[in-house]
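Below is one structure, written out as C-alpha cells, with a few remarks after it.
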Amino acid sequence: MKADTMNYNISSAIVSTTCIDYSESDCSDWFHVTWGVDENYQFGVAISATSLLIHNQHIHFCFHIFLDTVSDHYLEKMHQLAKDFSIRIVIYTVSSEIFSKLPSTRIWSYAMYFRLLGFEYLGSLCPKVLYLDADVICKERIDELHQLDFGDKVAAVVKDISSTQSKSIKKLGMEHLTNLEYFNSGVMYVDLEKWQYGDFTNKVLDLLFDPNVGGKVKYPDQDALNIVMSGKLIYLSERYNKIYSLKNELSDKTHSLYLNTIKKDTIFIHYTGITKPWHKWANYPSANYFYTAYKQSPWCNDALKLACTLPEKQKRYKHEINQGHYFKGIISCAEYNINKFFVRWS
Ligand SMILES: [Mn+2]
C-alpha cells in the first residue's frame with residue numbers, strides 16, 4: 001500500500017441502506033452486481049437490472065444500487081423486481097454533501113464517485129462485484145463471467161473502441177506505454193479484495209485531484225482508472241461491452257446497420273452518447289433490446305423519459321427531424337434554443 005495516498009473515506013457518504021430481500025439461496029453463491037447513478041439515470045438502472053435477470057435466471061443475484069435520491073415509487077418497483085426474480089436488492093442513498101467538499105465536483109457529476117464508492121464500500125461485504133453503467137443492457141447469459149478466474153489480476157474489462165483508445169492515450173500523454181490498452185469503464189468485473197489491498201479508490205481520487213492530471217482528462221473516472229489499473233487487467237471479449245451509439249441512426253436511413261455491431265453473441269450492449277434507449281425520441285430497432293426488458297419489468301407502465309438537460313434537448317430535435325416529425329422537431333428546436341439562450345446569459 002502506498003503510504004502517501006490520501007484517505008478520502010468516501011464510504012461515509014452513505015446515509016441510508018434499504019435491503020429488499022426475497023432471495024432463497026444462501027449468500028455464499030450470490031453474484032453481486034452494482035450500479036451508481038444520479039436521478040436522471042435511475043430508470044436506466046432499473047431496466048439494465050431487469051435485462052440481466054431475464055437472461056440469467058439460473059444465477060442467484062444480489063444487486064447493490066447507489067443513488068443520490070430515491071422515491072417511494074422507485075422502491076416499490078424494486079420490491080416487485082426482487083420478488084419476481086427471488087433476489088436481494090440493496091439500495092444505498094448517498095449524500096452529495098461529502099462530495100461537494102471534494103475539489104472537482106463543480107466540473108464532474110457526483111455519479112462518477114458512486115462507481116468508486118461501490119468498489120470501496122462493498123469490499124467488506126462481497127469478494128467480487130460486477131459494475132455496470134445504467135446504459136448497459138444484457139441480452140445473453142453471462143456464464144463465462146460468472147466462472148472467471150482472476151489469477152493475479154484486479155479486474156476484468158473490455159478495450160474501448162479504437163478511436164477512443166488512441167485519442168485518450170494521446171491526451172493523457174501515455175504514448176510511451178506501448179502495452180497500454182485503454183478500456184471502457186462501463187462494464188468492470190472487480191476482485192474487491194485486490195482492489196482494497198491495492199488502495200485503488202484513493203489512488204484514483206489522488207490522481208483526479210492532481211492539477212497536472214485533472215485538467216487533461218475527458219472521462220475523469222475512466223481515464224484515472226486506466227492509469228492506475230494498467231497492467232492489472234484481464235481483457236474480456238468485446239461481447240461483454242459492445243459499444244453502440246444511437247447517434248448512428250441519424251446517418252442510417254435503413255436503421256438496420258446496427259446489426260453489424262450488435263450481433264447474436266453480444267452479451268452486453270453499451271448505449272454510449274447523449275441519447276439513451278429510455279428516451280422518448282430513441283424509438284429505433286437498435287433500442288429493441290432495451291424495450292424487451294422494459295416491457296417485462298415492473299416499470300412497464302412508466303413513460304419513457306423526456307429531455308432534461310440541454311444536450312438532451314439538442315439531440316431530441318435532431319432525431320425528431322430525422323424521423324420526419326417536423327412539427328415536433330421545430331418546437332423542440334425552439335425550446336432548445338430558448339433554453340440555451342438563458343443558460344448563456346444566466
Ligand atoms: Mn455508459
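Residue numbering restarts at 1 for every chain of the C-alpha cells, chains are lettered A, B, ... in their displayed order, and ligands are numbered from 1 as they appear.
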Item to complete: Residues within 9 Å of ligand 1, counting only C-alpha atoms and all ligand atoms: report them as a VMD selection string.
Response: chain A and resid 132 to 136 184 to 187 243 270 to 273
Fill in: Non-local contacts of range 55-71 of chain A (8 Å; only C-alpha atoms; under 5 positions in same chain excluded) as number ranges by chain
A: 23, 25, 29-39, 42, 85, 87-96, 114, 118, 138-142
Residues as selected, C-alpha atoms, written as a tab-separated table (two decimals), in the first residue's frame, can you do that?
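File again32.tsv, as written:
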chain	number	residue	atom	x	y	z
A	23	SER	CA	-33.58	-14.42	-2.05
A	25	SER	CA	-30.33	-19.07	-1.60
A	29	ASP	CA	-23.26	-18.37	-4.10
A	30	TRP	CA	-24.54	-14.85	-4.76
A	31	PHE	CA	-23.32	-13.00	-7.80
A	32	HIS	CA	-23.00	-9.34	-6.86
A	33	VAL	CA	-23.75	-6.53	-9.29
A	34	THR	CA	-23.59	-2.79	-8.68
A	35	TRP	CA	-24.78	0.43	-10.34
A	36	GLY	CA	-24.38	4.04	-9.17
A	37	VAL	CA	-26.23	6.96	-10.68
A	38	ASP	CA	-27.91	10.29	-10.14
A	39	GLU	CA	-31.65	10.77	-10.56
A	42	GLN	CA	-32.32	5.79	-12.35
A	85	PHE	CA	-36.92	-12.96	-9.55
A	87	ILE	CA	-33.27	-11.94	-5.40
A	88	ARG	CA	-31.86	-9.44	-2.95
A	89	ILE	CA	-31.56	-5.77	-3.82
A	90	VAL	CA	-29.83	-3.28	-1.56
A	91	ILE	CA	-30.41	0.41	-2.19
A	92	TYR	CA	-27.88	2.85	-0.76
A	93	THR	CA	-28.66	6.53	-0.61
A	94	VAL	CA	-25.63	8.71	-0.83
A	95	SER	CA	-25.15	12.25	0.42
A	96	SER	CA	-23.67	14.51	-2.20
A	114	PHE	CA	-20.65	6.25	-6.96
A	118	GLY	CA	-19.33	0.67	-4.83
A	138	CYS	CA	-27.84	-7.57	-21.15
A	139	LYS	CA	-29.13	-9.82	-23.93
A	140	GLU	CA	-27.47	-13.22	-23.27
A	141	ARG	CA	-26.19	-15.44	-20.44
A	142	ILE	CA	-23.10	-14.19	-18.55
Worksheet entry | Computed interatomic separation between CA of Phe183 in chain A and CA of Gly231 in chain A (Å) |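 Separation of CA of Phe183 in chain A and CA of Gly231 in chain A: 11.6 Å.
You can rank A:Asn202, A:Thr309, A:Ser16, A:Asn212 by their closest distance to Tyr41 in chain A using only C-alpha atoms, and at the top of that list sits A:Thr309.
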Item to complete: Fewer than 3 positions away in the same chain doesn't count, so skip those; otherwise give me all residues within 6 Å of Ile269 in chain A, counting only C-alpha atoms, as a PyMOL selection string.
Response: chain A and resi 136-137+241-242
